[in-house]
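J.: Sharing my_file03.txt, compact mmCIF, C-alpha atoms:
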```txt
# COMPACT_ATOMS: atom_id res chain seq x y z
CA MET A 1 46.21 -22.51 72.75
CA LEU A 2 45.10 -25.02 70.09
CA THR A 3 42.65 -22.50 68.65
CA ARG A 4 45.33 -19.82 68.27
CA LEU A 5 47.65 -22.30 66.56
CA SER A 6 44.96 -23.29 64.09
CA ALA A 7 44.36 -19.64 63.19
CA VAL A 8 48.05 -19.08 62.54
CA VAL A 9 48.22 -22.15 60.27
CA VAL A 10 45.22 -20.89 58.22
CA LEU A 11 46.73 -17.43 57.86
CA MET A 12 50.09 -18.79 56.70
CA THR A 13 48.41 -21.11 54.22
CA ALA A 14 46.54 -18.15 52.70
CA VAL A 15 49.69 -16.03 52.42
CA LEU A 16 51.72 -18.80 50.86
CA THR A 17 48.97 -19.64 48.39
CA GLY A 18 48.64 -15.98 47.26
CA THR A 19 52.39 -15.61 46.88
CA ALA A 20 52.77 -18.72 44.71
CA ALA A 21 50.26 -17.44 42.09
CA ALA A 22 51.12 -13.74 42.22
CA VAL A 23 53.26 -13.23 39.09
CA PRO A 24 53.16 -15.12 35.74
CA PRO A 25 56.33 -15.76 33.74
CA PRO A 26 57.44 -12.90 31.39
CA PRO A 27 55.71 -12.90 27.94
CA PRO A 28 57.51 -12.82 24.54
CA ASN A 29 58.99 -9.45 23.46
CA PRO A 30 58.06 -8.62 19.78
CA SER A 31 60.39 -6.36 17.79
CA ASP A 32 59.59 -2.77 16.76
CA ALA A 33 59.49 -3.82 13.08
CA GLU A 34 56.88 -6.50 13.76
CA ILE A 35 54.68 -4.06 15.64
CA SER A 36 55.01 -1.36 12.91
CA ALA A 37 54.12 -3.80 10.11
CA SER A 38 51.11 -5.05 12.03
CA ARG A 39 49.87 -1.49 12.63
CA ALA A 40 50.28 -0.59 8.94
CA GLU A 41 48.21 -3.59 7.90
CA ALA A 42 45.49 -2.72 10.41
CA ASP A 43 45.42 0.92 9.22
CA ALA A 44 45.00 -0.25 5.61
CA LYS A 45 42.11 -2.51 6.60
CA ALA A 46 40.49 0.31 8.60
CA ALA A 47 40.72 2.64 5.59
CA ARG A 48 39.09 -0.04 3.42
CA VAL A 49 36.30 -0.51 5.97
CA GLY A 50 35.72 3.25 6.01
CA GLU A 51 35.46 3.32 2.22
CA LEU A 52 33.02 0.40 2.16
CA THR A 53 30.97 1.96 4.98
CA GLY A 54 30.53 5.13 2.94
CA ARG A 55 29.53 3.18 -0.15
CA LEU A 56 27.17 1.02 1.88
CA THR A 57 25.51 4.09 3.38
CA GLN A 58 24.89 5.45 -0.12
CA ALA A 59 23.64 2.08 -1.32
CA GLU A 60 21.23 1.74 1.61
CA SER A 61 19.96 5.28 0.98
CA ARG A 62 19.39 4.43 -2.67
CA LEU A 63 17.71 1.17 -1.64
CA GLN A 64 15.30 3.12 0.59
CA GLU A 65 14.55 5.53 -2.27
CA LEU A 66 13.77 2.61 -4.56
CA LEU A 67 11.61 1.01 -1.87
CA ASP A 68 9.67 4.28 -1.59
CA ASP A 69 9.34 4.31 -5.38
CA VAL A 70 8.04 0.72 -5.29
CA SER A 71 5.50 1.74 -2.64
CA TYR A 72 4.42 4.73 -4.75
CA LYS A 73 4.09 2.61 -7.91
CA ARG A 74 2.18 -0.03 -5.98
CA GLU A 75 -0.30 2.55 -4.75
CA LEU A 76 -0.66 3.87 -8.32
CA ALA A 77 -1.41 0.31 -9.37
CA ASN A 78 -3.98 0.21 -6.57
CA LYS A 79 -5.52 3.39 -7.98
CA ALA A 80 -5.58 1.94 -11.51
CA ARG A 81 -7.27 -1.19 -10.19
CA VAL A 82 -9.99 0.87 -8.47
CA ASP A 83 -10.47 3.05 -11.58
CA LEU A 84 -10.72 -0.03 -13.80
CA GLU A 85 -13.39 -1.58 -11.58
CA THR A 86 -15.36 1.68 -11.78
CA ALA A 87 -15.02 1.80 -15.59
CA ILE A 88 -16.14 -1.83 -15.89
CA SER A 89 -19.24 -1.09 -13.79
CA GLU A 90 -20.07 1.94 -15.96
CA ALA A 91 -19.61 -0.11 -19.14
CA GLU A 92 -21.89 -2.86 -17.82
CA ALA A 93 -24.57 -0.28 -17.02
CA ALA A 94 -24.23 1.21 -20.52
CA ARG A 95 -24.56 -2.26 -22.07
CA ARG A 96 -27.76 -2.87 -20.15
CA GLU A 97 -29.16 0.49 -21.32
CA ALA A 98 -28.16 -0.24 -24.92
CA THR A 99 -29.82 -3.67 -24.78
CA SER A 100 -33.03 -2.16 -23.36
CA ALA A 101 -33.09 0.56 -26.05
CA ARG A 102 -32.47 -2.06 -28.75
CA VAL A 103 -35.43 -4.09 -27.47
CA GLN A 104 -37.65 -0.96 -27.58
CA ALA A 105 -36.50 -0.14 -31.11
CA ASP A 106 -37.12 -3.70 -32.30
CA ALA A 107 -40.60 -3.68 -30.72
CA ALA A 108 -41.42 -0.35 -32.40
CA SER A 109 -40.17 -1.65 -35.77
CA ALA A 110 -42.35 -4.72 -35.39
CA ALA A 111 -45.38 -2.54 -34.61
CA VAL A 112 -44.74 -0.41 -37.72
CA GLU A 113 -44.52 -3.49 -39.89
CA GLN A 114 -47.78 -4.81 -38.41
CA SER A 115 -49.55 -1.50 -39.07
CA ARG A 116 -48.24 -1.42 -42.62
CA ARG A 117 -49.54 -4.93 -43.25
CA GLU A 118 -52.96 -3.98 -41.84
CA LEU A 119 -53.04 -0.86 -44.03
CA ASP A 120 -52.06 -2.86 -47.09
CA GLU A 121 -54.83 -5.38 -46.34
CA PHE A 122 -57.33 -2.53 -45.95
CA ALA A 123 -56.26 -1.00 -49.25
CA ALA A 124 -56.43 -4.37 -51.03
CA ALA A 125 -59.89 -5.08 -49.65
CA SER A 126 -61.12 -1.63 -50.63
CA TYR A 127 -59.82 -2.07 -54.15
CA ALA A 128 -61.40 -5.52 -54.48
CA GLN A 129 -64.74 -4.15 -53.37
CA GLY A 130 -64.50 -1.11 -55.59
CA SER A 131 -64.34 1.23 -52.58
CA THR A 132 -60.75 2.51 -52.74
CA VAL A 133 -60.45 5.94 -51.17
CA GLY A 134 -60.74 8.52 -53.92
CA SER A 135 -62.43 6.10 -56.40
CA PHE A 136 -65.91 6.91 -57.77
CA SER A 137 -66.85 3.25 -57.54
CA ALA A 138 -66.95 3.56 -53.80
CA TYR A 139 -70.02 5.75 -54.11
CA ILE A 140 -71.93 3.81 -56.82
CA GLY A 141 -75.08 2.27 -55.45
CA ALA A 142 -75.82 4.98 -52.93
CA LYS A 143 -79.62 5.25 -52.57
CA SER A 144 -79.77 8.78 -51.35
CA PRO A 145 -77.52 11.79 -50.68
CA GLU A 146 -77.44 10.83 -47.03
CA ASP A 147 -76.16 7.31 -47.90
CA LEU A 148 -73.51 8.79 -50.19
CA LEU A 149 -72.31 11.12 -47.41
CA ALA A 150 -72.21 8.27 -44.88
CA ARG A 151 -70.08 6.11 -47.21
CA ALA A 152 -67.62 8.93 -47.72
CA GLN A 153 -67.34 9.61 -43.99
CA MET A 154 -66.84 5.93 -43.16
CA LEU A 155 -64.05 5.45 -45.73
CA GLU A 156 -62.34 8.64 -44.58
CA ALA A 157 -62.50 7.61 -40.92
CA VAL A 158 -61.17 4.09 -41.55
CA SER A 159 -58.26 5.27 -43.72
CA ALA A 160 -57.43 8.22 -41.43
CA ALA A 161 -57.39 6.00 -38.35
CA SER A 162 -55.06 3.53 -40.01
CA LEU A 163 -52.78 6.27 -41.31
CA ASN A 164 -52.75 8.05 -37.95
CA ARG A 165 -51.87 4.80 -36.16
CA LEU A 166 -49.11 4.17 -38.65
CA ASP A 167 -47.78 7.71 -38.15
CA GLN A 168 -47.80 7.32 -34.35
CA VAL A 169 -46.00 3.99 -34.48
CA THR A 170 -43.47 5.48 -36.89
CA ARG A 171 -42.85 8.35 -34.48
CA ASP A 172 -42.46 5.84 -31.65
CA GLN A 173 -40.00 3.93 -33.77
CA GLY A 174 -38.00 7.12 -34.34
CA THR A 175 -37.95 7.82 -30.61
CA ALA A 176 -36.82 4.28 -29.84
CA ALA A 177 -34.19 4.50 -32.58
CA ASN A 178 -32.92 7.74 -31.04
CA LEU A 179 -32.76 6.06 -27.63
CA ASP A 180 -30.93 3.15 -29.22
CA ALA A 181 -28.41 5.49 -30.88
CA ALA A 182 -27.85 7.40 -27.61
CA ALA A 183 -27.42 4.17 -25.68
CA ARG A 184 -24.97 2.89 -28.27
CA ALA A 185 -23.01 6.14 -28.04
CA ALA A 186 -22.96 5.88 -24.24
CA LEU A 187 -21.86 2.26 -24.53
CA GLN A 188 -19.06 3.21 -26.94
CA LYS A 189 -17.93 5.95 -24.54
CA ALA A 190 -18.06 3.58 -21.54
CA GLU A 191 -16.15 0.88 -23.41
CA SER A 192 -13.59 3.50 -24.44
CA LYS A 193 -13.20 4.54 -20.79
CA GLN A 194 -12.88 0.88 -19.81
CA ALA A 195 -10.19 0.34 -22.45
CA ALA A 196 -8.36 3.46 -21.28
CA ALA A 197 -8.57 2.32 -17.66
CA ASP A 198 -7.36 -1.14 -18.64
CA GLU A 199 -4.44 0.39 -20.51
CA ALA A 200 -3.68 2.65 -17.53
CA LYS A 201 -3.64 -0.42 -15.29
CA LYS A 202 -1.23 -2.17 -17.66
CA VAL A 203 1.04 0.89 -17.69
CA ALA A 204 0.87 1.13 -13.88
CA ASP A 205 1.63 -2.58 -13.53
CA GLN A 206 4.58 -2.25 -15.93
CA ALA A 207 5.90 0.80 -14.04
CA GLN A 208 5.54 -1.12 -10.80
CA GLN A 209 7.46 -4.06 -12.26
CA VAL A 210 10.26 -1.75 -13.40
CA ALA A 211 10.45 -0.29 -9.89
CA VAL A 212 10.42 -3.78 -8.36
CA ASP A 213 13.22 -4.94 -10.69
CA ALA A 214 15.30 -1.85 -9.86
CA HIS A 215 14.76 -2.43 -6.15
CA SER A 216 15.71 -6.11 -6.47
CA ALA A 217 18.90 -5.26 -8.38
CA GLN A 218 19.83 -2.61 -5.82
CA ALA A 219 19.07 -5.02 -2.98
CA ALA A 220 21.42 -7.60 -4.53
CA ALA A 221 24.16 -4.99 -5.01
CA THR A 222 23.69 -3.75 -1.44
CA ALA A 223 23.82 -7.29 -0.08
CA GLU A 224 27.06 -7.96 -1.98
CA LEU A 225 28.55 -4.72 -0.69
CA GLN A 226 27.48 -5.61 2.85
CA SER A 227 29.11 -9.03 2.46
CA ASN A 228 32.36 -7.43 1.27
CA LYS A 229 32.28 -4.98 4.16
CA ASP A 230 31.69 -7.79 6.65
CA ALA A 231 34.65 -9.72 5.23
CA VAL A 232 36.98 -6.71 5.45
CA GLU A 233 35.73 -5.95 8.96
CA ARG A 234 36.64 -9.50 9.97
CA GLU A 235 40.08 -9.00 8.45
CA LEU A 236 40.37 -5.68 10.30
CA ALA A 237 39.37 -7.31 13.56
CA SER A 238 42.01 -9.98 12.99
CA ALA A 239 44.66 -7.37 12.15
CA ARG A 240 43.76 -5.25 15.14
CA GLY A 241 43.82 -8.35 17.27
CA GLU A 242 47.31 -9.08 16.03
CA VAL A 243 48.40 -5.50 16.76
CA SER A 244 46.79 -5.66 20.16
CA GLY A 245 48.49 -8.97 20.84
CA LEU A 246 51.92 -7.69 19.91
CA GLU A 247 51.44 -4.46 21.81
CA ALA A 248 50.09 -6.39 24.78
CA GLN A 249 53.14 -8.63 24.73
CA ARG A 250 55.38 -5.57 24.70
CA ARG A 251 53.50 -3.95 27.56
CA GLN A 252 53.48 -7.19 29.52
CA TYR A 253 57.21 -7.61 28.95
CA ASP A 254 57.90 -4.04 30.11
CA THR A 255 55.59 -4.18 33.09
CA TRP A 256 55.23 -7.87 33.87
CA VAL A 257 56.08 -7.31 37.51
CA GLU A 258 53.09 -4.99 37.97
CA ALA A 259 50.68 -6.91 35.69
CA LYS A 260 49.03 -8.98 38.38
CA LYS A 261 48.53 -5.97 40.64
CA ARG A 262 46.84 -3.96 37.86
CA GLU A 263 44.64 -6.94 37.03
CA ASP A 264 43.50 -7.26 40.61
CA GLU A 265 42.81 -3.54 40.89
CA GLU A 266 40.87 -3.55 37.63
CA ASN A 267 38.80 -6.55 38.72
CA ALA A 268 38.01 -4.87 42.02
CA ARG A 269 36.99 -1.68 40.24
CA ARG A 270 34.72 -3.54 37.81
CA ALA A 271 33.12 -5.52 40.59
CA ALA A 272 32.41 -2.35 42.52
CA ALA A 273 31.02 -0.66 39.40
CA ALA A 274 28.79 -3.65 38.66
CA GLN A 275 27.55 -3.73 42.23
CA ALA A 276 26.79 0.01 42.13
CA ALA A 277 25.00 -0.35 38.78
CA ALA A 278 22.93 -3.26 40.07
CA ALA A 279 21.84 -1.19 43.06
CA GLN A 280 20.35 1.49 40.84
CA ALA A 281 16.78 0.93 39.67
CA PRO A 282 16.15 1.58 35.95
CA ALA A 283 14.45 4.88 35.22
CA PRO A 284 10.78 4.34 34.31
CA GLN A 285 9.79 5.10 30.73
CA ARG A 286 7.14 7.66 30.16
CA PRO A 287 4.18 6.12 28.34
CA VAL A 288 2.85 7.67 25.15
CA ALA A 289 -0.03 9.96 25.98
CA ALA A 290 -3.32 8.43 24.87
CA ALA A 291 -5.73 10.33 22.67
CA PRO A 292 -8.85 11.75 24.32
CA SER A 293 -11.39 9.04 25.09
CA GLY A 294 -15.10 8.99 24.54
CA ASN A 295 -15.16 10.66 21.10
CA ARG A 296 -15.05 9.78 17.40
CA VAL A 297 -11.30 10.34 17.19
CA GLN A 298 -10.71 7.79 19.93
CA THR A 299 -13.00 5.32 18.13
CA VAL A 300 -10.88 5.62 14.97
CA ILE A 301 -7.66 5.22 16.95
CA ASN A 302 -8.98 2.25 18.91
CA ARG A 303 -10.03 0.45 15.71
CA ALA A 304 -6.59 0.96 14.18
CA LEU A 305 -4.81 -0.12 17.37
CA SER A 306 -7.00 -3.21 17.64
CA GLN A 307 -5.29 -4.55 14.51
CA ARG A 308 -1.76 -4.40 15.90
CA GLY A 309 0.10 -7.55 14.99
CA VAL A 310 -2.08 -8.29 11.92
CA ILE A 311 0.15 -9.19 8.96
CA TYR A 312 0.70 -6.75 6.10
CA ALA A 313 -0.96 -7.80 2.83
CA TRP A 314 -0.74 -5.48 -0.18
CA GLY A 315 -4.23 -4.65 -1.43
CA GLY A 316 -5.73 -6.13 1.75
CA GLY A 317 -8.28 -4.65 4.14
CA ASN A 318 -11.68 -3.00 3.78
CA TYR A 319 -14.36 -1.37 5.92
CA ASN A 320 -15.04 -4.62 7.77
CA GLY A 321 -11.51 -5.75 8.57
CA PRO A 322 -8.52 -7.59 7.04
CA THR A 323 -8.88 -9.38 3.69
CA TYR A 324 -6.70 -11.41 1.34
CA GLY A 325 -4.05 -9.34 -0.42
CA VAL A 326 -3.68 -9.16 -4.21
CA ARG A 327 -0.79 -9.92 -6.55
CA ASP A 328 1.60 -7.10 -7.46
CA GLY A 329 4.04 -9.04 -9.61
CA GLY A 330 7.00 -8.22 -7.39
CA VAL A 331 7.83 -7.57 -3.74
CA ALA A 332 4.37 -8.38 -2.34
CA ASP A 333 4.21 -11.60 -4.35
CA SER A 334 7.66 -12.63 -3.09
CA PHE A 335 6.26 -12.33 0.45
CA GLY A 336 3.10 -14.24 -0.53
CA ASP A 337 0.81 -11.27 0.30
CA TYR A 338 -1.93 -12.64 -1.97
CA ARG A 339 -2.14 -15.69 0.32
CA LYS A 340 -2.30 -13.63 3.52
CA ILE A 341 -5.25 -12.01 5.25
CA GLY A 342 -4.22 -8.56 6.43
CA PHE A 343 -4.00 -4.84 5.65
CA ASP A 344 -1.98 -2.51 3.50
CA CYS A 345 -1.56 1.12 4.58
CA SER A 346 -4.70 2.54 2.92
CA GLY A 347 -6.75 -0.57 3.82
CA LEU A 348 -6.01 0.02 7.53
CA MET A 349 -7.29 3.61 7.23
CA MET A 350 -10.48 2.35 5.54
CA TYR A 351 -11.18 0.06 8.49
CA ALA A 352 -10.28 2.64 11.17
CA PHE A 353 -12.54 5.42 9.85
CA ALA A 354 -15.43 3.13 8.89
CA GLY A 355 -16.09 2.86 12.63
CA VAL A 356 -17.40 6.46 12.63
CA GLY A 357 -19.20 6.27 9.29
CA VAL A 358 -16.38 7.70 7.14
CA TYR A 359 -15.77 5.45 4.12
CA LEU A 360 -12.46 6.11 2.42
CA PRO A 361 -11.31 4.79 -0.99
CA HIS A 362 -8.60 2.11 -1.12
CA TYR A 363 -5.81 4.41 -2.36
CA SER A 364 -3.66 6.71 -0.23
CA GLY A 365 -3.54 9.40 -2.94
CA TYR A 366 -7.35 9.67 -2.86
CA GLN A 367 -7.39 9.54 0.94
CA TYR A 368 -4.98 12.50 1.06
CA ASN A 369 -7.64 14.64 -0.66
CA SER A 370 -10.59 13.24 1.31
CA GLY A 371 -10.57 15.74 4.20
CA ARG A 372 -9.28 19.09 5.44
CA LYS A 373 -5.57 19.86 5.03
CA VAL A 374 -3.80 20.86 8.26
CA PRO A 375 -0.11 21.94 8.52
CA LEU A 376 2.15 19.17 9.76
CA SER A 377 3.16 21.33 12.75
CA GLN A 378 -0.49 21.36 13.91
CA MET A 379 -1.27 17.65 13.54
CA ALA A 380 -3.41 16.09 16.26
CA PRO A 381 -4.41 12.53 17.20
CA GLY A 382 -6.69 11.05 14.54
CA ASP A 383 -5.05 12.90 11.61
CA MET A 384 -3.76 10.92 8.64
CA ILE A 385 -0.06 11.41 7.79
CA PHE A 386 1.15 10.92 4.20
CA TRP A 387 4.40 10.36 2.33
CA GLY A 388 5.38 10.66 -1.33
CA PRO A 389 4.02 12.75 -4.23
CA GLY A 390 0.36 13.54 -3.64
CA GLY A 391 0.39 11.26 -0.61
CA GLY A 392 0.59 8.27 -2.93
CA THR A 393 3.45 6.38 -1.26
CA HIS A 394 2.24 5.68 2.28
CA VAL A 395 -0.34 6.70 4.91
CA ALA A 396 -0.43 6.27 8.71
CA LEU A 397 -2.66 7.42 11.62
CA TYR A 398 -1.21 9.89 14.13
CA LEU A 399 -1.63 8.88 17.79
CA GLY A 400 -0.01 11.85 19.50
CA GLY A 401 3.29 12.11 21.35
CA GLY A 402 5.25 11.75 18.10
CA MET A 403 3.85 8.23 17.52
CA MET A 404 1.70 6.71 14.77
CA VAL A 405 0.08 3.39 13.88
CA GLU A 406 0.67 1.98 10.40
CA ALA A 407 0.70 -1.06 8.13
CA PRO A 408 4.28 -0.48 6.92
CA HIS A 409 5.33 -2.94 4.22
CA SER A 410 5.36 -6.57 3.09
CA GLY A 411 6.80 -8.88 5.70
CA ALA A 412 5.84 -6.57 8.59
CA VAL A 413 2.72 -6.28 10.76
CA VAL A 414 0.46 -3.43 11.86
CA ARG A 415 2.49 -1.61 14.51
CA ILE A 416 3.09 1.60 16.47
CA SER A 417 6.10 3.58 15.23
CA PRO A 418 7.72 6.99 15.75
CA VAL A 419 6.73 9.47 13.04
CA ARG A 420 9.26 9.37 10.16
CA TYR A 421 9.90 12.78 8.62
CA GLY A 422 11.86 11.73 5.54
CA GLY A 423 9.68 12.29 2.47
CA ILE A 424 6.68 13.30 4.61
CA MET A 425 3.99 15.58 3.14
CA PRO A 426 3.79 19.12 4.62
CA TYR A 427 0.09 18.65 5.45
CA VAL A 428 -1.93 16.01 7.26
CA THR A 429 -5.55 15.21 6.42
CA ARG A 430 -8.18 15.72 9.13
CA MET A 431 -11.45 13.83 8.61
CA LEU A 432 -13.17 14.58 11.98
```
As structure tokens, what does this structure read like?
T.:
Amino acid sequence: MLTRLSAVVVLMTAVLTGTAAAVPPPPPNPSDAEISASRAEADAKAARVGELTGRLTQAESRLQELLDDVSYKRELANKARVDLETAISEAEAARREATSARVQADAASAAVEQSRRELDEFAAASYAQGSTVGSFSAYIGAKSPEDLLARAQMLEAVSAASLNRLDQVTRDQGTAANLDAAARAALQKAESKQAAADEAKKVADQAQQVAVDAHSAQAAATAELQSNKDAVERELASARGEVSGLEAQRRQYDTWVEAKKREDEENARRAAAAQAAAAQAPAPQRPVAAAPSGNRVQTVINRALSQRGVIYAWGGGNYNGPTYGVRDGGVADSFGDYRKIGFDCSGLMMYAFAGVGVYLPHYSGYQYNSGRKVPLSQMAPGDMIFWGPGGGTHVALYLGGGMMVEAPHSGAVVRISPVRYGGIMPYVTRML
């Protein structure tokens, strides 16, 4: 009996408790004019957000174009740097050749002068002794015809030998002088090429700086536009919140009796939906198919993938691994690339292919023409993918399954990415 009484008391307590909290008091009832004005303000803010969204989309597109232009100009500067180093090496070689030829010419000139002095001494001695070639005094005192003939032959041999030696040395001097002139001409040509390469580097650096400045200006304009859009979106959210509040008050006023019931039903529905969602296991993601193993292609891919997470450094990377970047006077410098040890896009390709004995130059435009061209639709793992005119903007390594590995840009790291088709070249380059 006591147990049944206790159960009744608990049941009544539960019923009374639920009844006391069932319905809240009626909310305020806003007027139709207040609701209409609030909606008009929200619509105006939404229109402004739409306008700013369109402008921001255009600005971001332009910003990406300028970033691509910066990348292209940076790779051209990379090319100019490589060409200048080559021209400097050629000029140094030409200077060494010119110096060697000058030494030979000076030595030949010295030999000629020595021979001339010896010939002059011979002539002076002959004259002093009365035995100058062609003079009758050279033959006075001969005791017999045989002695006269011997004197003539001796004088002729001595003078002929000296003259022949002088002629040979003079010819050698001419040859050395010709070598000296040729070496000087080669040096002048090499120095001209070096000057042209230096000027090309200056032009490339200036063009890169112009692109960097344009990108910086566009980035500032885009940031300002984004800030304006964010501000208007906050105003829109506030206006919509006000509209929602007024409309909610109206709905609550009209249906306040049923409000608690709808809330309970909605909570029950959401709880059931959450429970059902939690019971479902997430669908497994299909992994990217790996390239074939045990071949040269896989070696290249493995070397590139081994550098995932290495910081981007413009101008960085070689056949042996990551290196310090170089200054570019703009974006890369703002990220401190010259103080970082890492890769840029073409430097990563140099390292990847060096593992199979393929040594690429440090410029994507040259790499694009280093192997066999294959249509983009037929690309296979291990192919190099290029962007920009002549492949001079960017390069990445295709992994298969629509994925690639790349050193993308300053501030990023070597990573795996989906293939981007905007601005992509219609051919890939196959080295293996």
J.: Using only C-alpha atoms, which protein or nucleic acid residues come within 12 Å of Gly330 of chain A? Drop anything in the same chain fewer than 6 positions from it, and give the result as a count of residues only.
T.: 22
J.: May I ask for the distance between atom CA of Asn178 of chain A and atom CA of Ala195 of chain A, given in Å to one decimal place?
T.: 25.4 Å
J.: Counting only C-alpha atoms, figure out which residue out of A:Arg430, A:Arg117, A:Arg296, A:Arg55 gets nearest to Gly357 of chain A.
T.: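 With only C-alpha atoms as the atom set, the closest residue is A:Arg296.
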J.: So which one's closest to Gln58 of chain A, A:His409, A:Gln226, A:Glu41, A:Met384? Using all atoms listed in the file, please.
T.: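 The answer is A:Gln226, which sits nearest to Gln58 of chain A.
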J.: Could you check which residues have any atom within 6 Å of (1.4, 7.7, 6.1), counting only C-alpha atoms with coordinates taken straight from the file, and then list them as a list in words?
T.: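 Here is the list of nearby residues: Ile385, Phe386, Trp387, His394, Val395 and Ala396 of chain A.
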J.: At most 8 Å is the cut-off: for each residue in segment 182-236 of chain A with any atom that close to an atom of segment 77-95 of chain A, write down the nearest atom pair and the distance in Å rounded to one decimal, counting only C-alpha atoms, chain first then increasing number, as a tab-separated table.
T.:
```
residue	atom	partner	partner_atom	distance
A:Ala183	CA	A:Ala94	CA	6.8
A:Arg184	CA	A:Ala94	CA	8.0
A:Ala186	CA	A:Ala94	CA	6.1
A:Leu187	CA	A:Ala94	CA	4.8
A:Ala190	CA	A:Ala91	CA	4.7
A:Glu191	CA	A:Ala91	CA	5.6
A:Lys193	CA	A:Ala87	CA	6.2
A:Gln194	CA	A:Ala87	CA	4.8
A:Ala197	CA	A:Leu84	CA	5.0
A:Asp198	CA	A:Leu84	CA	6.0
A:Ala200	CA	A:Ala80	CA	6.4
A:Lys201	CA	A:Ala80	CA	4.9
A:Ala204	CA	A:Ala77	CA	5.1
A:Asp205	CA	A:Ala77	CA	5.9
A:Gln208	CA	A:Ala77	CA	7.2
```
J.: Got a sec: who's within 12 Å of Arg303 of chain A, counting only C-alpha atoms, leaving out chain neighbours fewer than 6 positions off, as a PyMOL selection string?
T.: chain A and resi 296-297+319-322+348-356+382+397+405+414
J.: Here is a test: counting all atoms listed in the file, which residue of A:Leu399, A:Ala40, A:Ile35, A:Val169 is nearest to Ala248 of chain A?
T.: A:Ile35
J.: List the neighbours of Glu60 of chain A out to 9 Å using only C-alpha atoms; skip same-chain residues closer than 5 positions along the sequence, and give me the result as a list in words.
T.: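 Contacts, with the query itself left out: Arg55, Glu65, Gln218, Ala219 and Thr222 of chain A.
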J.: As a list in words, please: the residues near Asn369 of chain A (cut-off 10 Å, only C-alpha atoms, same-chain neighbours under 3 positions excluded).
T.: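 Contacts, with the query itself left out: Ser364, Gly365, Tyr366, Arg372, Lys373, Gly390, Gly391, Val428, Thr429 and Arg430 of chain A.
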J.: At what distance in Å, to one decimal, does atom CA of Lys189 of chain A lie from atom CA of Thr170 of chain A?
T.: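 Between atom CA of Thr170 of chain A and atom CA of Lys189 of chain A the gap is 28.4 Å.
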J.: When distances are computed from only C-alpha atoms, which of A:Ile424, A:Ile416, A:Leu246, A:Ala33 shows the smallest separation from Gly388 of chain A?
T.: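 Closest residue, counting only C-alpha atoms: A:Ile424.
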J.: Could you please determine the separation between atom CA of Ser115 of chain A and atom CA of Ser100 of chain A in Å, to one decimal place?
T.: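 Computing the Euclidean distance for atom CA of Ser115 of chain A and atom CA of Ser100 of chain A yields 22.8 Å.
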J.: Closest to Ala44 of chain A among A:Pro30, A:Glu406, A:Ala239, A:Gln153, using all atoms listed in the file?
T.: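 Result for the nearest residue to Ala44 of chain A: A:Ala239.
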J.: For Val300 of chain A, which residue among A:Glu258, A:Glu242, A:Glu235, A:Asp383 is the nearest when counting only C-alpha atoms?
T.: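 With only C-alpha atoms as the atom set, the closest residue is A:Asp383.
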